[in-house]
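As stored in final_20.cif (mmCIF, C-alpha atoms):
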data_start
#
loop_
_atom_site.label_atom_id
_atom_site.label_comp_id
_atom_site.auth_asym_id
_atom_site.auth_seq_id
_atom_site.Cartn_x
_atom_site.Cartn_y
_atom_site.Cartn_z
CA MET A 1 1.90 7.30 19.25
CA ASN A 2 4.66 4.74 18.98
CA PHE A 3 4.86 1.45 17.13
CA GLU A 4 3.51 -0.66 20.01
CA GLU A 5 0.54 1.69 20.38
CA TYR A 6 -0.19 1.47 16.65
CA LYS A 7 -0.07 -2.34 16.87
CA ALA A 8 -2.66 -2.18 19.64
CA VAL A 9 -4.84 0.17 17.56
CA ILE A 10 -4.91 -2.06 14.46
CA LYS A 11 -5.35 -5.40 16.25
CA PRO A 12 -9.16 -5.16 16.79
CA PHE A 13 -9.68 -4.20 13.12
CA LEU A 14 -7.78 -7.10 11.57
CA SER A 15 -7.82 -10.86 11.36
CA GLU A 16 -4.80 -12.59 12.89
CA LYS A 17 -3.42 -13.21 9.38
CA ARG A 18 -3.82 -9.56 8.34
CA TYR A 19 -2.33 -8.37 11.64
CA HIS A 20 0.71 -10.59 11.05
CA HIS A 21 0.92 -9.28 7.47
CA SER A 22 0.93 -5.69 8.74
CA ILE A 23 3.82 -6.44 11.08
CA CYS A 24 5.72 -8.16 8.25
CA VAL A 25 5.11 -5.23 5.88
CA SER A 26 6.30 -2.83 8.56
CA GLU A 27 9.53 -4.81 8.97
CA ALA A 28 10.11 -4.99 5.21
CA ALA A 29 9.38 -1.26 4.88
CA VAL A 30 12.00 -0.40 7.52
CA GLU A 31 14.58 -2.55 5.73
CA LEU A 32 13.82 -1.00 2.33
CA ALA A 33 13.72 2.52 3.82
CA LYS A 34 17.25 2.09 5.18
CA LYS A 35 18.44 0.80 1.81
CA TYR A 36 16.74 3.45 -0.34
CA GLY A 37 16.91 6.59 1.78
CA ALA A 38 13.38 6.88 3.15
CA ASP A 39 12.69 7.62 6.81
CA PRO A 40 12.65 4.23 8.64
CA LEU A 41 10.32 5.45 11.39
CA LYS A 42 7.80 6.74 8.84
CA ALA A 43 8.17 3.47 6.91
CA GLN A 44 7.47 1.50 10.09
CA THR A 45 4.37 3.61 10.84
CA ALA A 46 3.02 3.45 7.28
CA GLY A 47 3.70 -0.30 7.19
CA ILE A 48 1.83 -1.11 10.38
CA LEU A 49 -1.14 1.08 9.43
CA HIS A 50 -1.41 0.41 5.68
CA ASP A 51 -4.18 -2.22 5.91
CA ILE A 52 -6.07 -0.90 8.95
CA MET A 53 -9.41 -0.89 7.04
CA LYS A 54 -8.77 -4.01 4.89
CA ASP A 55 -10.90 -6.48 6.87
CA ILE A 56 -13.94 -4.25 7.26
CA PRO A 57 -16.84 -5.49 5.08
CA PRO A 58 -17.23 -3.54 1.80
CA GLU A 59 -20.64 -2.08 2.68
CA GLN A 60 -19.19 -0.71 5.93
CA GLN A 61 -16.20 0.69 4.05
CA LEU A 62 -18.57 2.51 1.70
CA GLU A 63 -20.60 3.83 4.62
CA LYS A 64 -17.49 5.13 6.38
CA MET A 65 -16.26 6.75 3.18
CA LYS A 66 -19.62 8.49 2.88
CA GLN A 67 -19.26 9.74 6.46
CA TYR A 68 -15.80 11.10 5.66
CA GLY A 69 -17.00 12.72 2.43
CA ILE A 70 -14.80 10.53 0.22
CA LYS A 71 -15.89 10.54 -3.41
CA LEU A 72 -14.74 7.55 -5.44
CA THR A 73 -14.12 7.65 -9.17
CA GLU A 74 -15.99 5.23 -11.42
CA ILE A 75 -12.93 2.97 -11.58
CA GLU A 76 -12.47 3.09 -7.79
CA LEU A 77 -16.13 2.19 -7.25
CA ALA A 78 -15.62 -0.85 -9.49
CA ALA A 79 -12.48 -1.92 -7.58
CA PRO A 80 -13.34 -2.73 -3.92
CA LYS A 81 -9.77 -3.98 -3.36
CA LEU A 82 -8.64 -0.34 -3.50
CA TRP A 83 -11.11 0.99 -0.95
CA HIS A 84 -9.13 0.09 2.16
CA ALA A 85 -6.21 2.29 1.08
CA ILE A 86 -8.45 5.27 0.38
CA LEU A 87 -10.50 4.82 3.55
CA GLY A 88 -7.47 3.90 5.66
CA THR A 89 -5.76 7.16 4.77
CA GLU A 90 -8.75 9.20 5.94
CA TYR A 91 -9.16 7.06 9.04
CA ILE A 92 -5.58 7.48 10.22
CA LYS A 93 -5.77 11.19 9.44
CA LYS A 94 -9.05 11.85 11.24
CA GLU A 95 -9.04 9.24 14.02
CA LEU A 96 -5.33 8.76 14.73
CA HIS A 97 -4.50 12.41 13.96
CA ILE A 98 -1.60 11.58 11.66
CA GLU A 99 -0.93 14.64 9.56
CA ASP A 100 2.36 13.61 7.97
CA THR A 101 1.68 13.83 4.24
CA GLU A 102 4.40 11.29 3.42
CA ILE A 103 2.82 8.64 5.63
CA LEU A 104 -0.69 9.45 4.43
CA ASN A 105 0.31 9.23 0.77
CA ALA A 106 2.27 6.02 1.30
CA VAL A 107 -0.86 4.40 2.75
CA ARG A 108 -3.09 5.94 0.08
CA TYR A 109 -1.03 4.68 -2.87
CA HIS A 110 0.24 1.35 -1.51
CA THR A 111 -2.14 -0.62 -3.75
CA THR A 112 -2.09 1.43 -6.96
CA GLY A 113 1.24 3.20 -6.94
CA ARG A 114 1.27 6.49 -8.84
CA LYS A 115 3.44 8.68 -11.02
CA ASN A 116 6.23 10.49 -9.14
CA MET A 117 6.07 8.29 -6.05
CA THR A 118 8.14 9.51 -3.12
CA SER A 119 10.79 7.24 -1.61
CA LEU A 120 8.41 6.31 1.19
CA GLU A 121 5.58 5.51 -1.25
CA ARG A 122 7.92 3.30 -3.27
CA VAL A 123 9.15 1.56 -0.12
CA LEU A 124 5.65 0.75 1.17
CA PHE A 125 4.41 -0.35 -2.26
CA MET A 126 7.29 -2.86 -2.51
CA ALA A 127 7.20 -3.90 1.16
CA ASP A 128 3.57 -4.95 0.68
CA PHE A 129 4.65 -7.14 -2.26
CA ILE A 130 7.68 -8.78 -0.65
CA SER A 131 6.93 -8.99 3.07
CA ALA A 132 8.01 -12.22 4.79
CA ASP A 133 4.44 -13.58 4.93
CA ARG A 134 3.97 -13.37 1.16
CA ASP A 135 4.07 -16.67 -0.70
CA TYR A 136 3.15 -16.52 -4.37
CA PRO A 137 4.92 -17.60 -7.56
CA GLY A 138 7.69 -15.09 -8.29
CA VAL A 139 7.91 -13.52 -4.82
CA GLU A 140 11.53 -14.65 -4.31
CA GLU A 141 12.59 -13.06 -7.59
CA LEU A 142 10.80 -9.86 -6.58
CA ARG A 143 12.54 -9.88 -3.18
CA GLN A 144 15.89 -10.23 -4.93
CA ALA A 145 15.04 -7.43 -7.35
CA ALA A 146 14.07 -5.16 -4.43
CA GLN A 147 17.50 -5.73 -2.88
CA LYS A 148 19.29 -4.78 -6.11
CA ASP A 149 17.33 -1.97 -7.74
CA MET A 150 14.08 -0.29 -6.67
CA ASP A 151 13.04 0.72 -10.20
CA THR A 152 13.41 -2.85 -11.47
CA ALA A 153 11.40 -4.17 -8.53
CA LEU A 154 8.69 -1.53 -8.95
CA LEU A 155 8.37 -2.28 -12.65
CA GLU A 156 8.01 -5.99 -11.86
CA GLY A 157 5.44 -5.29 -9.14
CA LEU A 158 3.42 -2.97 -11.34
CA SER A 159 3.62 -5.43 -14.24
CA TYR A 160 2.32 -8.18 -11.96
CA THR A 161 -0.58 -5.97 -10.81
CA ILE A 162 -1.55 -4.90 -14.33
CA ALA A 163 -1.35 -8.45 -15.73
CA ASP A 164 -3.39 -9.86 -12.84
CA LEU A 165 -6.11 -7.22 -13.26
CA ALA A 166 -6.18 -7.61 -17.05
CA ASN A 167 -6.31 -11.42 -16.82
CA ASN A 168 -9.29 -11.14 -14.50
CA LYS A 169 -11.01 -8.52 -16.69
CA LYS A 170 -10.83 -5.91 -13.90
CA PRO A 171 -10.40 -2.18 -14.39
CA ILE A 172 -6.87 -0.83 -13.96
CA HIS A 173 -6.53 2.39 -11.99
CA PRO A 174 -4.97 5.24 -14.01
CA ASP A 175 -2.45 5.81 -11.19
CA THR A 176 -1.10 2.29 -11.72
CA LEU A 177 -0.76 2.80 -15.47
CA GLU A 178 0.96 6.17 -14.99
CA ALA A 179 3.38 4.68 -12.46
CA TYR A 180 4.15 1.78 -14.80
CA ASN A 181 4.71 4.05 -17.81
CA GLN A 182 6.96 6.42 -15.88
CA ILE A 183 9.15 3.62 -14.51
CA ALA A 184 9.20 1.77 -17.85
CA LEU A 185 10.59 4.95 -19.44
CA ILE A 186 13.18 5.31 -16.68
CA MET A 187 14.25 1.69 -17.19
CA LYS A 188 14.50 2.19 -20.96
CA ASP A 189 17.22 4.77 -20.32
CA LYS A 190 19.14 2.71 -17.74
#
Whole structure given in structure tokens:
Amino acid sequence: MNFEEYKAVIKPFLSEKRYHHSICVSEAAVELAKKYGADPLKAQTAGILHDIMKDIPPEQQLEKMKQYGIKLTEIELAAPKLWHAILGTEYIKKELHIEDTEILNAVRYHTTGRKNMTSLERVLFMADFISADRDYPGVEELRQAAQKDMDTALLEGLSYTIADLANNKKPIHPDTLEAYNQIALIMKDK
């Protein structure tokens, strides 16, 4: 399938706002991929598909995960905001027949990050934070950081995620903590 076909596939699943967000993330992912050495076509595909399951009601997400045999950890069960990434990965694998591990992992880890992220995973994680439709305090600084140094931007993005979850008394996924710790150690040596 090509980009236009993927846009047609996601449209019925998403609100107009989320559809626009997916296009913006795809564009940001292509730009970052070119800058940081990831495959732009894979970045475009992962970007357009990353939120395909985001607007499905939580009970339906759980039902679909059950159908696919997805087992959530205790922390994942307590964090419905993560479900769309887990379910979306299985959906695009089983229903859209995408078998490219890089694309699948980029979609899977776009909300949590993880230790040893690939270039494509890093690109999608940041593209989701800085896409043109995003408008939150600090987004401009994060966009500037992403243009200068990916590790700096990732550390800022992960810090934002961890602080937001902690401030709201929400569980923090171990993948997010491992990604943060790894990049914090890299930055210590820079």
Each residue of stretch 50-79 of chain A with at least one atom at most 9 Å from stretch 22-30 of chain A should appear once, together with its nearest atom pair and the corresponding distance in Å (one decimal); atoms considered: all atoms listed in the file; ordering: chain, then increasing residue number; output as JSON lines.
{"residue": "A:His50", "atom": "CA", "partner": "A:Ser22", "partner_atom": "CA", "distance": 7.2}
{"residue": "A:Asp51", "atom": "CA", "partner": "A:Ser22", "partner_atom": "CA", "distance": 6.8}
{"residue": "A:Ile52", "atom": "CA", "partner": "A:Ser22", "partner_atom": "CA", "distance": 8.5}
Store the residues of this selection in a file with C-alpha atoms, as a PDB file, keeping the file's coordinate frame.
ATOM      1  CA  HIS A  50      -1.410   0.410   5.680  1.00  0.00           C
ATOM      2  CA  ASP A  51      -4.180  -2.220   5.910  1.00  0.00           C
ATOM      3  CA  ILE A  52      -6.070  -0.900   8.950  1.00  0.00           C
TER       4      ILE A  52
END
Would you pick out the contacts of stretch 106-117 of chain A at 10 Å or less, using all atoms listed in the file, so that residues sharing its chain but fewer than 6 positions from it are not included, and give the list as a compact mmCIF listing (two decimals) with C-alpha atoms, in the coordinates of the input?
# COMPACT_ATOMS: atom_id res chain seq x y z
CA LYS A 42 7.80 6.74 8.84
CA ALA A 43 8.17 3.47 6.91
CA THR A 45 4.37 3.61 10.84
CA ALA A 46 3.02 3.45 7.28
CA GLY A 47 3.70 -0.30 7.19
CA ILE A 48 1.83 -1.11 10.38
CA LEU A 49 -1.14 1.08 9.43
CA HIS A 50 -1.41 0.41 5.68
CA ASP A 51 -4.18 -2.22 5.91
CA ILE A 52 -6.07 -0.90 8.95
CA LYS A 81 -9.77 -3.98 -3.36
CA LEU A 82 -8.64 -0.34 -3.50
CA TRP A 83 -11.11 0.99 -0.95
CA HIS A 84 -9.13 0.09 2.16
CA ALA A 85 -6.21 2.29 1.08
CA ILE A 86 -8.45 5.27 0.38
CA LEU A 87 -10.50 4.82 3.55
CA GLY A 88 -7.47 3.90 5.66
CA THR A 89 -5.76 7.16 4.77
CA GLU A 90 -8.75 9.20 5.94
CA ILE A 92 -5.58 7.48 10.22
CA VAL A 123 9.15 1.56 -0.12
CA LEU A 124 5.65 0.75 1.17
CA PHE A 125 4.41 -0.35 -2.26
CA MET A 126 7.29 -2.86 -2.51
CA ALA A 127 7.20 -3.90 1.16
CA ASP A 128 3.57 -4.95 0.68
CA PHE A 129 4.65 -7.14 -2.26
CA LEU A 154 8.69 -1.53 -8.95
CA GLY A 157 5.44 -5.29 -9.14
CA LEU A 158 3.42 -2.97 -11.34
CA THR A 161 -0.58 -5.97 -10.81
CA ILE A 162 -1.55 -4.90 -14.33
CA ILE A 172 -6.87 -0.83 -13.96
CA HIS A 173 -6.53 2.39 -11.99
CA PRO A 174 -4.97 5.24 -14.01
CA ASP A 175 -2.45 5.81 -11.19
CA THR A 176 -1.10 2.29 -11.72
CA LEU A 177 -0.76 2.80 -15.47
CA GLU A 178 0.96 6.17 -14.99
CA ALA A 179 3.38 4.68 -12.46
CA TYR A 180 4.15 1.78 -14.80
CA ASN A 181 4.71 4.05 -17.81
CA GLN A 182 6.96 6.42 -15.88
CA ILE A 183 9.15 3.62 -14.51
I need the residue nearest A:Leu41 from this list: A:Glu74, A:Glu59, A:Asp100, A:Glu16. Use only C-alpha atoms for the distance.
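Distance minimum relative to A:Leu41 lands on A:Asp100.
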Atomic separation - atom CA of A:Tyr19 relative to atom CA of A:Glu4, Å:
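Spanning atom CA of A:Glu4 to atom CA of A:Tyr19 is a straight-line distance of 12.8 Å.
The spacing separating atom CA of A:Phe13 from atom CA of A:Lys54 amounts to 8.3 Å.
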Residue nearest A:Asn105 among A:Thr118, A:Gln44, A:Thr73, A:Ser131 (counting all atoms listed in the file):
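Between A:Thr118, A:Gln44, A:Thr73, A:Ser131, the residue approaching A:Asn105 most closely is A:Thr118.
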Which residue, A:His21, A:Pro40, A:Asn2, A:Leu14, has the smallest gap to A:Asp135 when you use only C-alpha atoms?
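Going through A:His21, A:Pro40, A:Asn2, A:Leu14 one by one, the smallest distance to A:Asp135 is for A:His21.
Of note, atom CA of A:Ala145 and atom CA of A:Pro171 are spaced 26.9 Å apart.
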Out of A:Ser119, A:Gln67, A:Asn167, A:Ser159, which residue has the shortest atom-to-atom distance to A:Lys94 when counting only C-alpha atoms?
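Closest to A:Lys94, using only C-alpha atoms: A:Gln67.
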For stretch 54-65 of chain A, supply all heavy atoms and report the output as a PDB file, in the coordinates of the input.
ATOM      1  N   LYS A  54      -8.673  -2.925   5.883  1.00  0.00           N
ATOM      2  CA  LYS A  54      -8.770  -4.010   4.890  1.00  0.00           C
ATOM      3  C   LYS A  54      -9.829  -5.065   5.232  1.00  0.00           C
ATOM      4  O   LYS A  54     -10.489  -5.581   4.337  1.00  0.00           O
ATOM      5  CB  LYS A  54      -7.396  -4.675   4.751  1.00  0.00           C
ATOM      6  CG  LYS A  54      -7.340  -5.799   3.757  1.00  0.00           C
ATOM      7  CD  LYS A  54      -7.074  -5.316   2.380  1.00  0.00           C
ATOM      8  CE  LYS A  54      -6.871  -6.478   1.430  1.00  0.00           C
ATOM      9  NZ  LYS A  54      -6.359  -6.082   0.153  1.00  0.00           N
ATOM     10  N   ASP A  55      -9.985  -5.401   6.498  1.00  0.00           N
ATOM     11  CA  ASP A  55     -10.900  -6.480   6.870  1.00  0.00           C
ATOM     12  C   ASP A  55     -12.319  -6.018   7.188  1.00  0.00           C
ATOM     13  O   ASP A  55     -13.159  -6.839   7.560  1.00  0.00           O
ATOM     14  CB  ASP A  55     -10.330  -7.269   8.060  1.00  0.00           C
ATOM     15  CG  ASP A  55      -9.148  -8.141   7.659  1.00  0.00           C
ATOM     16  OD1 ASP A  55      -8.956  -8.370   6.447  1.00  0.00           O
ATOM     17  OD2 ASP A  55      -8.409  -8.582   8.561  1.00  0.00           O
ATOM     18  N   ILE A  56     -12.583  -4.750   7.038  1.00  0.00           N
ATOM     19  CA  ILE A  56     -13.940  -4.250   7.260  1.00  0.00           C
ATOM     20  C   ILE A  56     -14.789  -4.601   6.036  1.00  0.00           C
ATOM     21  O   ILE A  56     -14.332  -4.427   4.900  1.00  0.00           O
ATOM     22  CB  ILE A  56     -13.918  -2.722   7.506  1.00  0.00           C
ATOM     23  CG1 ILE A  56     -13.213  -2.456   8.832  1.00  0.00           C
ATOM     24  CG2 ILE A  56     -15.314  -2.121   7.503  1.00  0.00           C
ATOM     25  CD1 ILE A  56     -13.000  -1.017   9.138  1.00  0.00           C
ATOM     26  N   PRO A  57     -15.996  -5.119   6.230  1.00  0.00           N
ATOM     27  CA  PRO A  57     -16.840  -5.490   5.080  1.00  0.00           C
ATOM     28  C   PRO A  57     -17.046  -4.305   4.119  1.00  0.00           C
ATOM     29  O   PRO A  57     -17.131  -3.156   4.564  1.00  0.00           O
ATOM     30  CB  PRO A  57     -18.160  -5.905   5.730  1.00  0.00           C
ATOM     31  CG  PRO A  57     -17.807  -6.283   7.127  1.00  0.00           C
ATOM     32  CD  PRO A  57     -16.648  -5.410   7.511  1.00  0.00           C
ATOM     33  N   PRO A  58     -17.123  -4.600   2.814  1.00  0.00           N
ATOM     34  CA  PRO A  58     -17.230  -3.540   1.800  1.00  0.00           C
ATOM     35  C   PRO A  58     -18.354  -2.533   2.043  1.00  0.00           C
ATOM     36  O   PRO A  58     -18.153  -1.326   1.877  1.00  0.00           O
ATOM     37  CB  PRO A  58     -17.461  -4.305   0.489  1.00  0.00           C
ATOM     38  CG  PRO A  58     -16.906  -5.662   0.750  1.00  0.00           C
ATOM     39  CD  PRO A  58     -17.074  -5.929   2.212  1.00  0.00           C
ATOM     40  N   GLU A  59     -19.527  -3.022   2.463  1.00  0.00           N
ATOM     41  CA  GLU A  59     -20.640  -2.080   2.680  1.00  0.00           C
ATOM     42  C   GLU A  59     -20.326  -1.110   3.830  1.00  0.00           C
ATOM     43  O   GLU A  59     -20.694   0.065   3.772  1.00  0.00           O
ATOM     44  CB  GLU A  59     -21.968  -2.806   2.895  1.00  0.00           C
ATOM     45  CG  GLU A  59     -22.010  -3.861   3.977  1.00  0.00           C
ATOM     46  CD  GLU A  59     -21.345  -5.203   3.641  1.00  0.00           C
ATOM     47  OE1 GLU A  59     -20.958  -5.452   2.484  1.00  0.00           O
ATOM     48  OE2 GLU A  59     -21.211  -6.012   4.572  1.00  0.00           O
ATOM     49  N   GLN A  60     -19.601  -1.591   4.833  1.00  0.00           N
ATOM     50  CA  GLN A  60     -19.190  -0.710   5.930  1.00  0.00           C
ATOM     51  C   GLN A  60     -18.101   0.265   5.478  1.00  0.00           C
ATOM     52  O   GLN A  60     -18.077   1.409   5.918  1.00  0.00           O
ATOM     53  CB  GLN A  60     -18.719  -1.518   7.131  1.00  0.00           C
ATOM     54  CG  GLN A  60     -19.843  -2.241   7.855  1.00  0.00           C
ATOM     55  CD  GLN A  60     -19.328  -3.058   9.035  1.00  0.00           C
ATOM     56  OE1 GLN A  60     -18.291  -2.770   9.607  1.00  0.00           O
ATOM     57  NE2 GLN A  60     -20.066  -4.116   9.374  1.00  0.00           N
ATOM     58  N   GLN A  61     -17.215  -0.211   4.604  1.00  0.00           N
ATOM     59  CA  GLN A  61     -16.200   0.690   4.050  1.00  0.00           C
ATOM     60  C   GLN A  61     -16.870   1.833   3.287  1.00  0.00           C
ATOM     61  O   GLN A  61     -16.509   3.004   3.458  1.00  0.00           O
ATOM     62  CB  GLN A  61     -15.236  -0.064   3.130  1.00  0.00           C
ATOM     63  CG  GLN A  61     -14.274  -0.970   3.867  1.00  0.00           C
ATOM     64  CD  GLN A  61     -13.223  -1.552   2.938  1.00  0.00           C
ATOM     65  OE1 GLN A  61     -12.666  -0.851   2.094  1.00  0.00           O
ATOM     66  NE2 GLN A  61     -12.942  -2.835   3.088  1.00  0.00           N
ATOM     67  N   LEU A  62     -17.853   1.482   2.464  1.00  0.00           N
ATOM     68  CA  LEU A  62     -18.570   2.510   1.700  1.00  0.00           C
ATOM     69  C   LEU A  62     -19.279   3.498   2.625  1.00  0.00           C
ATOM     70  O   LEU A  62     -19.258   4.710   2.393  1.00  0.00           O
ATOM     71  CB  LEU A  62     -19.576   1.866   0.747  1.00  0.00           C
ATOM     72  CG  LEU A  62     -19.014   1.241  -0.517  1.00  0.00           C
ATOM     73  CD1 LEU A  62     -20.110   0.512  -1.281  1.00  0.00           C
ATOM     74  CD2 LEU A  62     -18.353   2.292  -1.403  1.00  0.00           C
ATOM     75  N   GLU A  63     -19.892   2.976   3.669  1.00  0.00           N
ATOM     76  CA  GLU A  63     -20.600   3.830   4.620  1.00  0.00           C
ATOM     77  C   GLU A  63     -19.641   4.794   5.314  1.00  0.00           C
ATOM     78  O   GLU A  63     -19.917   5.979   5.456  1.00  0.00           O
ATOM     79  CB  GLU A  63     -21.343   2.971   5.654  1.00  0.00           C
ATOM     80  CG  GLU A  63     -22.206   3.754   6.619  1.00  0.00           C
ATOM     81  CD  GLU A  63     -23.228   4.667   5.942  1.00  0.00           C
ATOM     82  OE1 GLU A  63     -23.835   4.267   4.931  1.00  0.00           O
ATOM     83  OE2 GLU A  63     -23.415   5.809   6.434  1.00  0.00           O
ATOM     84  N   LYS A  64     -18.491   4.276   5.720  1.00  0.00           N
ATOM     85  CA  LYS A  64     -17.490   5.130   6.380  1.00  0.00           C
ATOM     86  C   LYS A  64     -16.947   6.173   5.416  1.00  0.00           C
ATOM     87  O   LYS A  64     -16.712   7.313   5.807  1.00  0.00           O
ATOM     88  CB  LYS A  64     -16.361   4.279   6.945  1.00  0.00           C
ATOM     89  CG  LYS A  64     -16.374   4.278   8.459  1.00  0.00           C
ATOM     90  CD  LYS A  64     -15.129   3.674   9.015  1.00  0.00           C
ATOM     91  CE  LYS A  64     -14.968   3.817  10.488  1.00  0.00           C
ATOM     92  NZ  LYS A  64     -15.738   4.748  11.213  1.00  0.00           N
ATOM     93  N   MET A  65     -16.740   5.784   4.169  1.00  0.00           N
ATOM     94  CA  MET A  65     -16.260   6.750   3.180  1.00  0.00           C
ATOM     95  C   MET A  65     -17.281   7.867   2.989  1.00  0.00           C
ATOM     96  O   MET A  65     -16.920   9.031   2.857  1.00  0.00           O
ATOM     97  CB  MET A  65     -15.936   6.062   1.849  1.00  0.00           C
ATOM     98  CG  MET A  65     -14.615   5.328   1.897  1.00  0.00           C
ATOM     99  SD  MET A  65     -14.058   4.746   0.283  1.00  0.00           S
ATOM    100  CE  MET A  65     -14.759   3.123   0.254  1.00  0.00           C
TER     101      MET A  65
END
